[in-house]
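**Q** Here it is: the structure, laid out below.
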Amino acid sequence: MNEIKDLPSQSPTIAIVGSGPSGCYLAQYLRKRWKEAEIVIFDRLPVPYGLVRFGVAPDHLGTKAVARQFDRLFEREGVRFIGETEIGNGLMLQELRDAFDIVVLASGLHGDRALGVPGDTLPGVHGAGRITRLINGHPGEQVDGLRGGERIAIVGNGNVAMDLVRLLLTPPERLLELGVAEDVVRALGPGSVKRIDIVGRSAAHDAKFDLAMLRELTKLPDVSFVAEDLADEGTADAEGIAKRDAVAEIAEASPARAARSVHFHFGWTPERVIGQDKVQSIAFRSTGDENSTLLLDVEGVLTAIGFEELTTSPIRRGHHESAESELDKGYLSPGLYCAGWLRRGPRGTIPQNRVDSKMVADAIIEAVDTAQLVPGKPGLPALLAHNLSNTRHMEESA
Ligand SMILES: Cc1cc2nc3c(=O)[nH]c(=O)nc-3n(C[C@H](O)[C@H](O)[C@H](O)COP(=O)(O)OP(=O)(O)OC[C@H]3O[C@@H](n4cnc5c(N)ncnc54)[C@H](O)[C@@H]3O)c2cc1C
């Protein structure tokens with residue numbers, strides 16, 4: 001272990017790239033340690049909070065409320081927000097590194113993972129990330145080409161898929177009340193959805209959704225739930241059994257007749273999206289018996305199978321890794337760190353980023369306290385020569 005030297009360590013200057021939960025939690029921890037340090041969070045968007053603002057469903061107000069806690073950073077704790085500044089495009093990472101003692105990449109991963117099967121780019125196939133950005137009013141998304149329909153298949157059965165089911169079955173007027181733009185509501189057509197098939201690769205006991213998210217669906221009015229295949233593979237732990245039982249209970253308890261229905265399918269992997277110039281159906285193959293297929297006639301396919309790094313992203317973690325990097329601490333190279341989804345991959349909830357950011361903050365603090373990293377760079381003033389004129393600061397966007 002490194003010896004802590006008794007040096008009067010000067011506060012470092014710190015730049016954080018990305019104002020999602022990982023960047024904001026990190027700023028909280030670093031502010032606690034260094035009351036006077038200059039901490040600047042850059043974001044390519046004009047407003048902060050990443051997926052808290054543009055991913056979390058608009059009806060999950062309790063989850064979105066974490067933003068109020070982060071507001072304090074900018075309003076009272078002297079952390080600066082500089083929006084509309086994409087690092088790696090205009091303002092380069094090297095310029096930040098030259099100006100700041102510490103740079104932390106917390107830029108997330110928001111590309112929708114593609115299905116990777118023939119037909120997956122047909123009009124009518126949409127990624128969940130794009131849909132949730134649209135629903136949340138992301139400035140970079142347009143409704144172009146988006147259309148709903150009476151029958152929709154959702155591929156994937158994690159919490160994001162549950163969000164999609166709920167939002168598609170939420171009355172249009174409620175979505176408008178929640179602030180969803182009219183053109184998005186019109187294009188998604190939540191009022192016209194009659195049947196949703198939600199199809200996952202894993203068995204019910206291995207499904208990725210949380211029980212609370214599944215149970216929330218039962219509050220939707222006039223919906224029947226159908227569990228199409230709940231084969232018990234006998235290897236489930238208590239949590240898995242609870243999941244499987246919950247799907248069965250929800251199906252049994254739901255009304256036999258309802259205006260809309262949600263059909264759960266487990267153990268199917270997509271094989272092909274079929275259609276000429278738009279989606280007409282989607283074919284799956286059983287993960288257990290390769291001779292079994294499932295064909296669903298649908299007007300739209302929503303994919304909720306995870307997120308990945310965009311190949312066009314100007315910040316790619318892999319470009320900054322070397323033999324000396326210690327990813328489990330978020331350490332990339334002297335003065336350069338990473339946190340959140342960019343560090344550990346696109347998994348985990350907002351609270352999990354808090355744990356992540358604490359660990360990265362501890363590694364940074366240790367590096368300064370042990371004089372492995374000696375502060376001295378000027379911070380923001382060094383960048384002022386750079387054209388930041390089109391940036392918007394928190395005070396202006398509040
Ligand atoms: C659709 C969806 C719904 C979710 N719902 C929930 C939920 O209900 N509850 C929950 O606990 N978790 C939820 N999550 C998970 C949660 O959102 C993530 O765990 C968390 O947001 C990851 O935080 P992050 O800071 O690493 O990344 P992000 O939140 O993605 O933040 C990254 C930030 O970096 C910015 N950025 C990217 N590149 C650059 C660049 N080059 N220069 C400057 N800025 C850049 C982005 O604009 C963004 O603001 C959801 C995720 C998704 C995708």
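If you're wondering about the labels, chains in the structure tokens are A, B, ... by order shown, residues count from 1 in each chain, ligands from 1 in order shown.
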Per residue of chain A within 7 Å of ligand 1, note the shortest atom pair and the distance in Å to one decimal, counting only C-alpha atoms and all ligand atoms, and order the rows by chain and increasing residue number, as JSON lines.
**A**
```
{"residue": "A:Val17", "atom": "CA", "partner": "ligand 1", "partner_atom_place_in_ligand_line": "43 (C)", "distance": 5.1}
{"residue": "A:Gly18", "atom": "CA", "partner": "ligand 1", "partner_atom_place_in_ligand_line": "34 (O)", "distance": 3.2}
{"residue": "A:Ser19", "atom": "CA", "partner": "ligand 1", "partner_atom_place_in_ligand_line": "49 (O)", "distance": 4.7}
{"residue": "A:Gly20", "atom": "CA", "partner": "ligand 1", "partner_atom_place_in_ligand_line": "31 (O)", "distance": 3.4}
{"residue": "A:Pro21", "atom": "CA", "partner": "ligand 1", "partner_atom_place_in_ligand_line": "25 (O)", "distance": 4.2}
{"residue": "A:Ser22", "atom": "CA", "partner": "ligand 1", "partner_atom_place_in_ligand_line": "25 (O)", "distance": 3.7}
{"residue": "A:Gly23", "atom": "CA", "partner": "ligand 1", "partner_atom_place_in_ligand_line": "25 (O)", "distance": 5.4}
{"residue": "A:Phe42", "atom": "CA", "partner": "ligand 1", "partner_atom_place_in_ligand_line": "43 (C)", "distance": 5.4}
{"residue": "A:Asp43", "atom": "CA", "partner": "ligand 1", "partner_atom_place_in_ligand_line": "44 (N)", "distance": 3.5}
{"residue": "A:Arg44", "atom": "CA", "partner": "ligand 1", "partner_atom_place_in_ligand_line": "43 (C)", "distance": 4.1}
{"residue": "A:Leu45", "atom": "CA", "partner": "ligand 1", "partner_atom_place_in_ligand_line": "47 (O)", "distance": 5.2}
{"residue": "A:Pro48", "atom": "CA", "partner": "ligand 1", "partner_atom_place_in_ligand_line": "49 (O)", "distance": 5.8}
{"residue": "A:Tyr49", "atom": "CA", "partner": "ligand 1", "partner_atom_place_in_ligand_line": "49 (O)", "distance": 5.3}
{"residue": "A:Gly50", "atom": "CA", "partner": "ligand 1", "partner_atom_place_in_ligand_line": "49 (O)", "distance": 3.1}
{"residue": "A:Leu51", "atom": "CA", "partner": "ligand 1", "partner_atom_place_in_ligand_line": "29 (O)", "distance": 3.8}
{"residue": "A:Val52", "atom": "CA", "partner": "ligand 1", "partner_atom_place_in_ligand_line": "17 (O)", "distance": 5.5}
{"residue": "A:Gly55", "atom": "CA", "partner": "ligand 1", "partner_atom_place_in_ligand_line": "1 (C)", "distance": 3.9}
{"residue": "A:Val56", "atom": "CA", "partner": "ligand 1", "partner_atom_place_in_ligand_line": "5 (N)", "distance": 3.8}
{"residue": "A:Ala57", "atom": "CA", "partner": "ligand 1", "partner_atom_place_in_ligand_line": "8 (O)", "distance": 6.2}
{"residue": "A:His60", "atom": "CA", "partner": "ligand 1", "partner_atom_place_in_ligand_line": "8 (O)", "distance": 6.6}
{"residue": "A:Thr63", "atom": "CA", "partner": "ligand 1", "partner_atom_place_in_ligand_line": "9 (N)", "distance": 6.0}
{"residue": "A:Thr85", "atom": "CA", "partner": "ligand 1", "partner_atom_place_in_ligand_line": "43 (C)", "distance": 5.9}
{"residue": "A:Glu86", "atom": "CA", "partner": "ligand 1", "partner_atom_place_in_ligand_line": "42 (N)", "distance": 3.6}
{"residue": "A:Ile87", "atom": "CA", "partner": "ligand 1", "partner_atom_place_in_ligand_line": "42 (N)", "distance": 3.9}
{"residue": "A:Gly88", "atom": "CA", "partner": "ligand 1", "partner_atom_place_in_ligand_line": "41 (N)", "distance": 5.7}
{"residue": "A:Ala106", "atom": "CA", "partner": "ligand 1", "partner_atom_place_in_ligand_line": "26 (O)", "distance": 5.5}
{"residue": "A:Ser107", "atom": "CA", "partner": "ligand 1", "partner_atom_place_in_ligand_line": "34 (O)", "distance": 3.4}
{"residue": "A:Gly108", "atom": "CA", "partner": "ligand 1", "partner_atom_place_in_ligand_line": "27 (O)", "distance": 3.5}
{"residue": "A:Leu109", "atom": "CA", "partner": "ligand 1", "partner_atom_place_in_ligand_line": "30 (O)", "distance": 5.8}
{"residue": "A:His110", "atom": "CA", "partner": "ligand 1", "partner_atom_place_in_ligand_line": "30 (O)", "distance": 6.0}
{"residue": "A:Ala128", "atom": "CA", "partner": "ligand 1", "partner_atom_place_in_ligand_line": "1 (C)", "distance": 6.3}
{"residue": "A:Gly129", "atom": "CA", "partner": "ligand 1", "partner_atom_place_in_ligand_line": "1 (C)", "distance": 5.2}
{"residue": "A:Thr132", "atom": "CA", "partner": "ligand 1", "partner_atom_place_in_ligand_line": "1 (C)", "distance": 5.4}
{"residue": "A:Val160", "atom": "CA", "partner": "ligand 1", "partner_atom_place_in_ligand_line": "3 (C)", "distance": 5.4}
{"residue": "A:Ser313", "atom": "CA", "partner": "ligand 1", "partner_atom_place_in_ligand_line": "41 (N)", "distance": 6.8}
{"residue": "A:Pro314", "atom": "CA", "partner": "ligand 1", "partner_atom_place_in_ligand_line": "41 (N)", "distance": 5.5}
{"residue": "A:Ile315", "atom": "CA", "partner": "ligand 1", "partner_atom_place_in_ligand_line": "41 (N)", "distance": 5.3}
{"residue": "A:Ala339", "atom": "CA", "partner": "ligand 1", "partner_atom_place_in_ligand_line": "26 (O)", "distance": 6.5}
{"residue": "A:Gly340", "atom": "CA", "partner": "ligand 1", "partner_atom_place_in_ligand_line": "26 (O)", "distance": 3.5}
{"residue": "A:Trp341", "atom": "CA", "partner": "ligand 1", "partner_atom_place_in_ligand_line": "26 (O)", "distance": 3.8}
{"residue": "A:Leu342", "atom": "CA", "partner": "ligand 1", "partner_atom_place_in_ligand_line": "26 (O)", "distance": 5.8}
{"residue": "A:Arg347", "atom": "CA", "partner": "ligand 1", "partner_atom_place_in_ligand_line": "19 (O)", "distance": 6.5}
{"residue": "A:Gly348", "atom": "CA", "partner": "ligand 1", "partner_atom_place_in_ligand_line": "19 (O)", "distance": 4.9}
{"residue": "A:Thr349", "atom": "CA", "partner": "ligand 1", "partner_atom_place_in_ligand_line": "11 (O)", "distance": 3.5}
{"residue": "A:Ile350", "atom": "CA", "partner": "ligand 1", "partner_atom_place_in_ligand_line": "11 (O)", "distance": 3.8}
{"residue": "A:Pro351", "atom": "CA", "partner": "ligand 1", "partner_atom_place_in_ligand_line": "11 (O)", "distance": 6.0}
{"residue": "A:Gln352", "atom": "CA", "partner": "ligand 1", "partner_atom_place_in_ligand_line": "19 (O)", "distance": 6.8}
{"residue": "A:Asn353", "atom": "CA", "partner": "ligand 1", "partner_atom_place_in_ligand_line": "19 (O)", "distance": 6.1}
```
**Q** Leaving out segment 291-294 of chain A and any residue of its chain fewer than 4 positions from it, which residues lie within 12 Å of it when counting only C-alpha atoms, given as a list in words?
**A**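 Near segment 291-294 of chain A, the qualifying residues are Ala153, Asp197, Val199, Glu228, Asp229, His265, Phe266, Gly267, Trp268, Thr269, Pro270, Glu271, Arg272, Val273, Ser281, Ile282, Ala283, Phe284, Arg285, Ser286 and Thr287 of chain A.
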**Q** With distances taken over only C-alpha atoms, which residue among A:Glu38, A:Asp362, A:Asp237, A:Glu141 lies nearest Phe54 of chain A?
**A**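 Closest to Phe54 of chain A of all the choices is A:Glu141.
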**Q** Which residues are near Leu178 of chain A? Cut-off 9 Å, only C-alpha atoms, ignore same chain within fewer than 3 positions. Put them as JSON, numbers by chain.
**A** {"A": [58, 59, 173, 174, 175]}
